[in-house]
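This report refers to the structure that appears directly beneath it.
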Amino acid sequence: MATTMKSLLQKLWFRVLLGLVLGIVFGFAIAPMTADGPLGMDGKTFLTTYIKPIGTVFINLIKMVIVPLIFFSLVNGIVSMTDANSFKRIGMKSVCAFLLTGAFAVCIGLGFGTIFQPGLGVDLSALSSLSGTAVAPVTAAKEVSVIEILVGIIPPNVIKAMADDHILQVVVFAIFVGITLNHLGHKVQNLIDLIKSAATLVFSLIETVIRFSPYGVFALTSWMVGTQGMPILKALVVLVFTVIGALLTQYLLFGLMIIVFGRMSPMPFYKKMFEPQLMAFSTSSSKATLSTAMRVVNERIGVSKSSTAFVLPLGASINMDGTAIYLGICALFFSQAYNIPLDSHHYFILILTATLGSIGAAGIPSGSLFMMGMVFTSVGLPLEGIALIAGVDRILDMMRTTVNITGDSLITVLVDKSEGTFDTELYHKVDA
Ligand code: ASP
């Protein structure tokens with residue numbers, strides 16, 4: 001018993017969950033205390049004065065890595081793509097398919113978030129912003145034309161764009177830098193190597209920041225529960241079920257895509273994908289699942305070696321449909337909870353940033369929490385809620401990673417089939 005507990009405590013997801021549970025208990029226990037009690041102040045003031053700052057540190061750590069993460073991971077992604085110059089056609093096909101399915105997945109997320117309104121019934125708008133750097137909420141959304149949006153995403157001043165957290169402008173700059181580096185090729189090899197190292201650095205920074213999440217989750221959950229009470233917990237449960245419903249829908253749509261675009265039965269795909277799906281479910285990491293998925297897709301599903309080697313790793317790093325769905329729903333959750341109405345222009349930006357977020361998210365556990373910062377910032381939503389979501393993130397991460405790796409494998413199958421290199425006989429062959 002003691003050893004089981006010890007080994008559980010070594011697992012980060014368990015500590016985060018514990019942070020959530022203890023945060024709920026602590027918040028409910030402290031909130032009713034009065035000024036003449038042992039705290040010397042009322043419970044809510046205590047939570048706001050002494051506990052919330054721990055959460056603020058966590059949120060600021062997340063914010064700290066957002067801009068470098070977006071910049072270096074995007075430039076690195078673009079630069080890595082030309083490594084496979086000879087696969088240009090397959091590359092173009094795959095990237096288009098990944099982008100389309102990603103954007104479509106965000107729309108499913110936004111659809112579910114609009115229909116089920118998980119953030120309704122809570123009012124977080126009264127809560128003061130966590131840190132001085134929080135973005136100003138978009139309370140009175142003004143109509144902006146598509147032309148204005150397009151002009152607005154070109155950064156006249158890159159440093160200012162980074163300092164102001166103008167995410168789309170940073171993205172545009174990163175794309176310019178990436179494409180130009182590719183053009184210059186080995187003339188700037190040192191810089192390309194430097195950018196690759198910087199990308200490795202930001203990914204490991206994320207892992208360091210995530211280690212702090214149990215404390216951040218504890219602090220912000222107890223503060224939110226203490227000041228908001230039961231409605232916030234109810235909203236969280238609705239959010240979890242909304243995400244699960246949307247992920248299941250996407251999962252079924254994958255089957256439909258095999259029927260429509262691959263003109264095959266989806267059953268062998270679903271059956272044979274079980275092994276990588278189990279791996280994705282238990283590790284919550286597309287990266288960790290990649291080698292299993294590659295083996296299964298090639299040896300049991302019938303995808304050619306070259307498509308497996310090129311399309312699947314590309315998908316595992318830039319195609320995350322489950323993550324895209326999650327980012328879309330979470331953005332709507334907070335717009336509802338903070339009472340910040342979003343208009344069509346915000347929806348457009350959400351589709352753009354959540355798709356980019358799913359591209360940029362690292363294929364590691366809780367990779368999307370960092371991209372949430374970028375998505376929320378782009379439409380002016382406050383970030384403190386991220387810690388609340390982080391408490392339930394693991395279970396949703398297991399499911400969205402399963403959807404992520406299934407989506408990558410599906411596109412790999414469809415691209416291979418369109419190239420005429422797919423082994424249909426092997427696909428239909430029942431495994432021994
Ligand atoms: N854990 C996910 C993955 O590896 C990324 C995410 O956090 O959404 O695919």
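Letters A, B, ... go to the chains of the structure tokens in the order shown; residues in each chain start at 1; ligands are counted from 1 in the same order.
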
* To do: Write as a ChimeraX atom specification the residues around ligand 1, taking 8 Å as the cut-off and counting only C-alpha atoms and all ligand atoms.
  => /A:280,284-288,316,320,322-324,326,358,361-369,397-398,400-402,404-405

Would you mind listing what lies within 9 Å of A:Ile192 as a PDB file with N, CA, C and O atoms, in the first residue's frame, with only C-alpha atoms counted and same-chain residues fewer than 4 positions away left out?
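See part.pdb below for the written result:
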```
ATOM      1  N   ASN A  76      11.388  26.199 -36.256  1.00  0.00           N
ATOM      2  CA  ASN A  76      12.002  24.868 -36.291  1.00  0.00           C
ATOM      3  C   ASN A  76      11.185  23.916 -37.169  1.00  0.00           C
ATOM      4  O   ASN A  76      11.735  23.159 -37.962  1.00  0.00           O
ATOM      5  N   VAL A  79      11.737  24.857 -40.826  1.00  0.00           N
ATOM      6  CA  VAL A  79      13.092  24.515 -41.245  1.00  0.00           C
ATOM      7  C   VAL A  79      13.252  22.996 -41.401  1.00  0.00           C
ATOM      8  O   VAL A  79      13.904  22.523 -42.322  1.00  0.00           O
ATOM      9  N   LEU A 181      14.960  31.241 -44.025  1.00  0.00           N
ATOM     10  CA  LEU A 181      16.080  30.358 -43.638  1.00  0.00           C
ATOM     11  C   LEU A 181      16.171  29.184 -44.609  1.00  0.00           C
ATOM     12  O   LEU A 181      17.259  28.798 -45.034  1.00  0.00           O
ATOM     13  N   ASN A 182      15.002  28.633 -44.952  1.00  0.00           N
ATOM     14  CA  ASN A 182      14.988  27.512 -45.893  1.00  0.00           C
ATOM     15  C   ASN A 182      15.591  27.915 -47.240  1.00  0.00           C
ATOM     16  O   ASN A 182      16.306  27.149 -47.862  1.00  0.00           O
ATOM     17  N   GLY A 185      19.332  28.215 -46.953  1.00  0.00           N
ATOM     18  CA  GLY A 185      19.954  26.887 -46.827  1.00  0.00           C
ATOM     19  C   GLY A 185      21.227  26.888 -46.014  1.00  0.00           C
ATOM     20  O   GLY A 185      21.313  27.552 -44.979  1.00  0.00           O
ATOM     21  N   HIS A 186      22.262  26.181 -46.516  1.00  0.00           N
ATOM     22  CA  HIS A 186      23.452  26.028 -45.656  1.00  0.00           C
ATOM     23  C   HIS A 186      24.288  27.292 -45.482  1.00  0.00           C
ATOM     24  O   HIS A 186      25.193  27.314 -44.677  1.00  0.00           O
ATOM     25  N   VAL A 188      23.229  29.677 -43.988  1.00  0.00           N
ATOM     26  CA  VAL A 188      22.912  30.101 -42.619  1.00  0.00           C
ATOM     27  C   VAL A 188      22.784  28.878 -41.711  1.00  0.00           C
ATOM     28  O   VAL A 188      22.021  28.884 -40.750  1.00  0.00           O
ATOM     29  N   LYS A 196      17.300  25.162 -33.957  1.00  0.00           N
ATOM     30  CA  LYS A 196      16.928  23.810 -33.538  1.00  0.00           C
ATOM     31  C   LYS A 196      17.248  23.604 -32.056  1.00  0.00           C
ATOM     32  O   LYS A 196      16.469  23.018 -31.307  1.00  0.00           O
ATOM     33  N   SER A 197      18.417  24.109 -31.633  1.00  0.00           N
ATOM     34  CA  SER A 197      18.781  23.982 -30.211  1.00  0.00           C
ATOM     35  C   SER A 197      17.819  24.792 -29.351  1.00  0.00           C
ATOM     36  O   SER A 197      17.417  24.348 -28.273  1.00  0.00           O
TER      37      SER A 197
END
```

Long-range neighbours of stretch 421-426 of chain A as a PDB file with all heavy atoms, in the first residue's frame, 12 Å cut-off, only C-alpha atoms, 5 positions minimum in chain:
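Generated file (part28.pdb):
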```pdb
ATOM      1  N   ILE A  90       4.274  14.602 -51.601  1.00  0.00           N
ATOM      2  CA  ILE A  90       3.628  13.965 -50.442  1.00  0.00           C
ATOM      3  C   ILE A  90       3.555  14.965 -49.298  1.00  0.00           C
ATOM      4  O   ILE A  90       2.562  15.056 -48.586  1.00  0.00           O
ATOM      5  CB  ILE A  90       4.423  12.726 -49.981  1.00  0.00           C
ATOM      6  CG1 ILE A  90       4.538  11.722 -51.114  1.00  0.00           C
ATOM      7  CG2 ILE A  90       3.762  12.084 -48.776  1.00  0.00           C
ATOM      8  CD1 ILE A  90       5.134  10.399 -50.687  1.00  0.00           C
ATOM      9  N   GLY A 262     -10.959   7.010 -48.701  1.00  0.00           N
ATOM     10  CA  GLY A 262     -10.141   5.817 -48.937  1.00  0.00           C
ATOM     11  C   GLY A 262     -10.930   4.709 -49.626  1.00  0.00           C
ATOM     12  O   GLY A 262     -10.354   3.729 -50.068  1.00  0.00           O
ATOM     13  N   ARG A 263     -12.251   4.869 -49.673  1.00  0.00           N
ATOM     14  CA  ARG A 263     -13.159   3.866 -50.250  1.00  0.00           C
ATOM     15  C   ARG A 263     -12.863   2.466 -49.703  1.00  0.00           C
ATOM     16  O   ARG A 263     -12.680   1.504 -50.446  1.00  0.00           O
ATOM     17  CB  ARG A 263     -13.106   3.902 -51.784  1.00  0.00           C
ATOM     18  CG  ARG A 263     -13.686   5.191 -52.351  1.00  0.00           C
ATOM     19  CD  ARG A 263     -13.685   5.226 -53.861  1.00  0.00           C
ATOM     20  NE  ARG A 263     -12.365   5.039 -54.424  1.00  0.00           N
ATOM     21  CZ  ARG A 263     -11.425   5.993 -54.489  1.00  0.00           C
ATOM     22  NH1 ARG A 263     -11.681   7.195 -54.012  1.00  0.00           N
ATOM     23  NH2 ARG A 263     -10.260   5.749 -55.016  1.00  0.00           N
ATOM     24  N   MET A 264     -12.770   2.376 -48.365  1.00  0.00           N
ATOM     25  CA  MET A 264     -12.539   1.076 -47.710  1.00  0.00           C
ATOM     26  C   MET A 264     -13.382   1.048 -46.443  1.00  0.00           C
ATOM     27  O   MET A 264     -13.857   2.076 -45.972  1.00  0.00           O
ATOM     28  CB  MET A 264     -11.073   0.931 -47.267  1.00  0.00           C
ATOM     29  CG  MET A 264     -10.036   1.236 -48.303  1.00  0.00           C
ATOM     30  SD  MET A 264      -8.380   0.887 -47.673  1.00  0.00           S
ATOM     31  CE  MET A 264      -8.073   2.234 -46.557  1.00  0.00           C
ATOM     32  N   SER A 265     -13.491  -0.154 -45.893  1.00  0.00           N
ATOM     33  CA  SER A 265     -14.181  -0.259 -44.608  1.00  0.00           C
ATOM     34  C   SER A 265     -13.249   0.267 -43.515  1.00  0.00           C
ATOM     35  O   SER A 265     -12.049  -0.015 -43.530  1.00  0.00           O
ATOM     36  CB  SER A 265     -14.518  -1.732 -44.331  1.00  0.00           C
ATOM     37  OG  SER A 265     -14.600  -1.937 -42.941  1.00  0.00           O
ATOM     38  N   PRO A 268     -10.982  -2.514 -40.197  1.00  0.00           N
ATOM     39  CA  PRO A 268      -9.601  -2.963 -39.974  1.00  0.00           C
ATOM     40  C   PRO A 268      -8.735  -1.849 -39.363  1.00  0.00           C
ATOM     41  O   PRO A 268      -7.903  -2.103 -38.501  1.00  0.00           O
ATOM     42  CB  PRO A 268      -9.109  -3.329 -41.382  1.00  0.00           C
ATOM     43  CG  PRO A 268     -10.343  -3.594 -42.164  1.00  0.00           C
ATOM     44  CD  PRO A 268     -11.391  -2.695 -41.605  1.00  0.00           C
ATOM     45  N   PHE A 269      -8.986  -0.606 -39.814  1.00  0.00           N
ATOM     46  CA  PHE A 269      -8.203   0.519 -39.281  1.00  0.00           C
ATOM     47  C   PHE A 269      -8.424   0.648 -37.773  1.00  0.00           C
ATOM     48  O   PHE A 269      -7.479   0.701 -36.993  1.00  0.00           O
ATOM     49  CB  PHE A 269      -8.610   1.809 -39.996  1.00  0.00           C
ATOM     50  CG  PHE A 269      -7.898   3.044 -39.494  1.00  0.00           C
ATOM     51  CD1 PHE A 269      -6.584   3.292 -39.836  1.00  0.00           C
ATOM     52  CD2 PHE A 269      -8.548   3.950 -38.658  1.00  0.00           C
ATOM     53  CE1 PHE A 269      -5.917   4.429 -39.365  1.00  0.00           C
ATOM     54  CE2 PHE A 269      -7.900   5.077 -38.186  1.00  0.00           C
ATOM     55  CZ  PHE A 269      -6.576   5.316 -38.543  1.00  0.00           C
ATOM     56  N   LYS A 272      -6.844  -2.422 -35.900  1.00  0.00           N
ATOM     57  CA  LYS A 272      -5.383  -2.480 -35.866  1.00  0.00           C
ATOM     58  C   LYS A 272      -4.770  -1.287 -35.144  1.00  0.00           C
ATOM     59  O   LYS A 272      -3.639  -1.359 -34.678  1.00  0.00           O
ATOM     60  CB  LYS A 272      -4.836  -2.609 -37.294  1.00  0.00           C
ATOM     61  CG  LYS A 272      -5.255  -3.929 -37.926  1.00  0.00           C
ATOM     62  CD  LYS A 272      -4.737  -4.108 -39.333  1.00  0.00           C
ATOM     63  CE  LYS A 272      -5.301  -5.407 -39.902  1.00  0.00           C
ATOM     64  NZ  LYS A 272      -4.675  -5.803 -41.158  1.00  0.00           N
ATOM     65  N   VAL A 296       2.905  -0.314 -36.512  1.00  0.00           N
ATOM     66  CA  VAL A 296       1.575  -0.847 -36.812  1.00  0.00           C
ATOM     67  C   VAL A 296       1.086  -0.382 -38.191  1.00  0.00           C
ATOM     68  O   VAL A 296       0.576  -1.176 -38.988  1.00  0.00           O
ATOM     69  CB  VAL A 296       0.576  -0.434 -35.701  1.00  0.00           C
ATOM     70  CG1 VAL A 296      -0.854  -0.753 -36.092  1.00  0.00           C
ATOM     71  CG2 VAL A 296       0.944  -1.118 -34.392  1.00  0.00           C
ATOM     72  N   VAL A 297       1.261   0.900 -38.464  1.00  0.00           N
ATOM     73  CA  VAL A 297       0.776   1.457 -39.730  1.00  0.00           C
ATOM     74  C   VAL A 297       1.475   0.791 -40.917  1.00  0.00           C
ATOM     75  O   VAL A 297       0.860   0.479 -41.932  1.00  0.00           O
ATOM     76  CB  VAL A 297       0.993   2.997 -39.714  1.00  0.00           C
ATOM     77  CG1 VAL A 297       1.008   3.570 -41.108  1.00  0.00           C
ATOM     78  CG2 VAL A 297      -0.097   3.662 -38.893  1.00  0.00           C
ATOM     79  N   ASN A 298       2.761   0.515 -40.754  1.00  0.00           N
ATOM     80  CA  ASN A 298       3.508  -0.104 -41.847  1.00  0.00           C
ATOM     81  C   ASN A 298       3.299  -1.622 -41.906  1.00  0.00           C
ATOM     82  O   ASN A 298       2.951  -2.175 -42.956  1.00  0.00           O
ATOM     83  CB  ASN A 298       4.996   0.227 -41.690  1.00  0.00           C
ATOM     84  CG  ASN A 298       5.856  -0.507 -42.701  1.00  0.00           C
ATOM     85  OD1 ASN A 298       6.757  -1.236 -42.341  1.00  0.00           O
ATOM     86  ND2 ASN A 298       5.562  -0.339 -43.987  1.00  0.00           N
ATOM     87  N   GLU A 299       3.442  -2.287 -40.788  1.00  0.00           N
ATOM     88  CA  GLU A 299       3.447  -3.752 -40.829  1.00  0.00           C
ATOM     89  C   GLU A 299       2.063  -4.383 -40.799  1.00  0.00           C
ATOM     90  O   GLU A 299       1.877  -5.503 -41.248  1.00  0.00           O
ATOM     91  CB  GLU A 299       4.259  -4.310 -39.644  1.00  0.00           C
ATOM     92  CG  GLU A 299       5.739  -4.007 -39.776  1.00  0.00           C
ATOM     93  CD  GLU A 299       6.528  -4.443 -38.558  1.00  0.00           C
ATOM     94  OE1 GLU A 299       5.954  -5.147 -37.689  1.00  0.00           O
ATOM     95  OE2 GLU A 299       7.710  -4.072 -38.460  1.00  0.00           O
ATOM     96  N   ARG A 300       1.078  -3.676 -40.252  1.00  0.00           N
ATOM     97  CA  ARG A 300      -0.240  -4.309 -40.145  1.00  0.00           C
ATOM     98  C   ARG A 300      -1.326  -3.599 -40.948  1.00  0.00           C
ATOM     99  O   ARG A 300      -2.289  -4.206 -41.381  1.00  0.00           O
ATOM    100  CB  ARG A 300      -0.635  -4.410 -38.671  1.00  0.00           C
ATOM    101  CG  ARG A 300       0.253  -5.439 -37.946  1.00  0.00           C
ATOM    102  CD  ARG A 300       0.045  -5.420 -36.449  1.00  0.00           C
ATOM    103  NE  ARG A 300      -1.341  -5.566 -36.068  1.00  0.00           N
ATOM    104  CZ  ARG A 300      -1.838  -5.169 -34.899  1.00  0.00           C
ATOM    105  NH1 ARG A 300      -1.043  -4.634 -33.995  1.00  0.00           N
ATOM    106  NH2 ARG A 300      -3.106  -5.333 -34.625  1.00  0.00           N
ATOM    107  N   ILE A 301      -1.176  -2.296 -41.113  1.00  0.00           N
ATOM    108  CA  ILE A 301      -2.240  -1.585 -41.846  1.00  0.00           C
ATOM    109  C   ILE A 301      -1.939  -1.538 -43.346  1.00  0.00           C
ATOM    110  O   ILE A 301      -2.855  -1.474 -44.157  1.00  0.00           O
ATOM    111  CB  ILE A 301      -2.465  -0.182 -41.228  1.00  0.00           C
ATOM    112  CG1 ILE A 301      -3.006  -0.361 -39.807  1.00  0.00           C
ATOM    113  CG2 ILE A 301      -3.407   0.670 -42.066  1.00  0.00           C
ATOM    114  CD1 ILE A 301      -3.444   0.875 -39.097  1.00  0.00           C
ATOM    115  N   GLY A 302      -0.663  -1.565 -43.710  1.00  0.00           N
ATOM    116  CA  GLY A 302      -0.333  -1.659 -45.132  1.00  0.00           C
ATOM    117  C   GLY A 302       0.186  -0.390 -45.786  1.00  0.00           C
ATOM    118  O   GLY A 302       0.210  -0.275 -47.006  1.00  0.00           O
ATOM    119  N   VAL A 303       0.606   0.589 -44.970  1.00  0.00           N
ATOM    120  CA  VAL A 303       1.161   1.821 -45.538  1.00  0.00           C
ATOM    121  C   VAL A 303       2.611   1.559 -45.953  1.00  0.00           C
ATOM    122  O   VAL A 303       3.345   0.853 -45.246  1.00  0.00           O
ATOM    123  CB  VAL A 303       1.103   2.963 -44.500  1.00  0.00           C
ATOM    124  CG1 VAL A 303       1.793   4.215 -45.024  1.00  0.00           C
ATOM    125  CG2 VAL A 303      -0.339   3.286 -44.130  1.00  0.00           C
ATOM    126  N   SER A 304       3.025   2.131 -47.096  1.00  0.00           N
ATOM    127  CA  SER A 304       4.392   1.903 -47.570  1.00  0.00           C
ATOM    128  C   SER A 304       5.415   2.460 -46.575  1.00  0.00           C
ATOM    129  O   SER A 304       5.094   3.358 -45.785  1.00  0.00           O
ATOM    130  CB  SER A 304       4.591   2.585 -48.918  1.00  0.00           C
ATOM    131  OG  SER A 304       4.564   3.980 -48.718  1.00  0.00           O
ATOM    132  N   LYS A 305       6.629   1.932 -46.674  1.00  0.00           N
ATOM    133  CA  LYS A 305       7.689   2.361 -45.745  1.00  0.00           C
ATOM    134  C   LYS A 305       7.953   3.856 -45.855  1.00  0.00           C
ATOM    135  O   LYS A 305       8.097   4.544 -44.846  1.00  0.00           O
ATOM    136  CB  LYS A 305       8.979   1.603 -46.068  1.00  0.00           C
ATOM    137  CG  LYS A 305       9.111   0.304 -45.309  1.00  0.00           C
ATOM    138  CD  LYS A 305      10.590  -0.025 -45.063  1.00  0.00           C
ATOM    139  CE  LYS A 305      10.774  -0.964 -43.900  1.00  0.00           C
ATOM    140  NZ  LYS A 305      10.064  -2.232 -44.044  1.00  0.00           N
ATOM    141  N   SER A 306       7.987   4.370 -47.119  1.00  0.00           N
ATOM    142  CA  SER A 306       8.371   5.778 -47.259  1.00  0.00           C
ATOM    143  C   SER A 306       7.297   6.717 -46.711  1.00  0.00           C
ATOM    144  O   SER A 306       7.610   7.695 -46.036  1.00  0.00           O
ATOM    145  CB  SER A 306       8.689   6.105 -48.716  1.00  0.00           C
ATOM    146  OG  SER A 306       7.547   5.876 -49.502  1.00  0.00           O
ATOM    147  N   SER A 307       6.015   6.396 -46.965  1.00  0.00           N
ATOM    148  CA  SER A 307       4.961   7.268 -46.405  1.00  0.00           C
ATOM    149  C   SER A 307       4.977   7.191 -44.881  1.00  0.00           C
ATOM    150  O   SER A 307       4.808   8.202 -44.199  1.00  0.00           O
ATOM    151  CB  SER A 307       3.581   6.849 -46.909  1.00  0.00           C
ATOM    152  OG  SER A 307       3.482   7.025 -48.288  1.00  0.00           O
ATOM    153  N   THR A 308       5.187   5.976 -44.364  1.00  0.00           N
ATOM    154  CA  THR A 308       5.218   5.823 -42.903  1.00  0.00           C
ATOM    155  C   THR A 308       6.332   6.672 -42.320  1.00  0.00           C
ATOM    156  O   THR A 308       6.140   7.389 -41.338  1.00  0.00           O
ATOM    157  CB  THR A 308       5.472   4.347 -42.520  1.00  0.00           C
ATOM    158  OG1 THR A 308       4.487   3.547 -43.134  1.00  0.00           O
ATOM    159  CG2 THR A 308       5.416   4.162 -41.016  1.00  0.00           C
ATOM    160  N   THR A 412      -1.965   9.435 -42.893  1.00  0.00           N
ATOM    161  CA  THR A 412      -0.881   8.655 -43.507  1.00  0.00           C
ATOM    162  C   THR A 412      -1.463   7.589 -44.435  1.00  0.00           C
ATOM    163  O   THR A 412      -0.985   7.395 -45.558  1.00  0.00           O
ATOM    164  CB  THR A 412      -0.027   7.984 -42.400  1.00  0.00           C
ATOM    165  OG1 THR A 412       0.297   8.969 -41.422  1.00  0.00           O
ATOM    166  CG2 THR A 412       1.258   7.410 -42.971  1.00  0.00           C
ATOM    167  N   VAL A 413      -2.521   6.921 -43.981  1.00  0.00           N
ATOM    168  CA  VAL A 413      -3.172   5.901 -44.808  1.00  0.00           C
ATOM    169  C   VAL A 413      -3.729   6.541 -46.088  1.00  0.00           C
ATOM    170  O   VAL A 413      -3.499   6.061 -47.193  1.00  0.00           O
ATOM    171  CB  VAL A 413      -4.327   5.212 -44.021  1.00  0.00           C
ATOM    172  CG1 VAL A 413      -5.202   4.382 -44.948  1.00  0.00           C
ATOM    173  CG2 VAL A 413      -3.772   4.357 -42.900  1.00  0.00           C
ATOM    174  N   LEU A 414      -4.437   7.666 -45.929  1.00  0.00           N
ATOM    175  CA  LEU A 414      -5.090   8.279 -47.090  1.00  0.00           C
ATOM    176  C   LEU A 414      -4.071   8.818 -48.097  1.00  0.00           C
ATOM    177  O   LEU A 414      -4.252   8.671 -49.312  1.00  0.00           O
ATOM    178  CB  LEU A 414      -6.047   9.393 -46.643  1.00  0.00           C
ATOM    179  CG  LEU A 414      -7.258   8.935 -45.815  1.00  0.00           C
ATOM    180  CD1 LEU A 414      -8.147  10.107 -45.459  1.00  0.00           C
ATOM    181  CD2 LEU A 414      -8.055   7.859 -46.546  1.00  0.00           C
ATOM    182  N   VAL A 415      -2.996   9.431 -47.592  1.00  0.00           N
ATOM    183  CA  VAL A 415      -1.963   9.943 -48.501  1.00  0.00           C
ATOM    184  C   VAL A 415      -1.314   8.777 -49.240  1.00  0.00           C
ATOM    185  O   VAL A 415      -1.131   8.812 -50.460  1.00  0.00           O
ATOM    186  CB  VAL A 415      -0.899  10.760 -47.714  1.00  0.00           C
ATOM    187  CG1 VAL A 415       0.327  11.038 -48.595  1.00  0.00           C
ATOM    188  CG2 VAL A 415      -1.486  12.083 -47.233  1.00  0.00           C
ATOM    189  N   ASP A 416      -1.018   7.707 -48.508  1.00  0.00           N
ATOM    190  CA  ASP A 416      -0.374   6.547 -49.131  1.00  0.00           C
ATOM    191  C   ASP A 416      -1.297   5.936 -50.188  1.00  0.00           C
ATOM    192  O   ASP A 416      -0.864   5.532 -51.258  1.00  0.00           O
ATOM    193  CB  ASP A 416      -0.019   5.530 -48.048  1.00  0.00           C
ATOM    194  CG  ASP A 416       0.990   4.514 -48.545  1.00  0.00           C
ATOM    195  OD1 ASP A 416       2.011   4.943 -49.123  1.00  0.00           O
ATOM    196  OD2 ASP A 416       0.762   3.302 -48.378  1.00  0.00           O
ATOM    197  N   ASP A 431      -5.287 -10.082 -38.481  1.00  0.00           N
ATOM    198  CA  ASP A 431      -4.028 -10.366 -37.778  1.00  0.00           C
ATOM    199  C   ASP A 431      -4.037 -11.760 -37.173  1.00  0.00           C
ATOM    200  O   ASP A 431      -5.062 -12.223 -36.692  1.00  0.00           O
ATOM    201  CB  ASP A 431      -3.828  -9.358 -36.651  1.00  0.00           C
ATOM    202  CG  ASP A 431      -3.404  -8.016 -37.210  1.00  0.00           C
ATOM    203  OD1 ASP A 431      -2.802  -8.002 -38.298  1.00  0.00           O
ATOM    204  OD2 ASP A 431      -3.684  -6.991 -36.567  1.00  0.00           O
ATOM    205  N   ALA A 432      -2.864 -12.378 -37.220  1.00  0.00           N
ATOM    206  CA  ALA A 432      -2.767 -13.724 -36.620  1.00  0.00           C
ATOM    207  C   ALA A 432      -2.901 -13.619 -35.108  1.00  0.00           C
ATOM    208  O   ALA A 432      -2.512 -12.627 -34.524  1.00  0.00           O
ATOM    209  CB  ALA A 432      -1.431 -14.324 -36.990  1.00  0.00           C
TER     210      ALA A 432
END
```

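When only C-alpha atoms are used to compute distances to A:Gly102, the closest of the residues A:His428, A:Gln250, A:Met371, A:Lys271 turns out to be A:Gln250.
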
* Excluding A:Gly373 and any residue of its chain fewer than 6 positions from it, enumerate the residues within 7 Å of it, using only C-alpha atoms, and give them as number ranges by chain. => A: 63, 66, 383
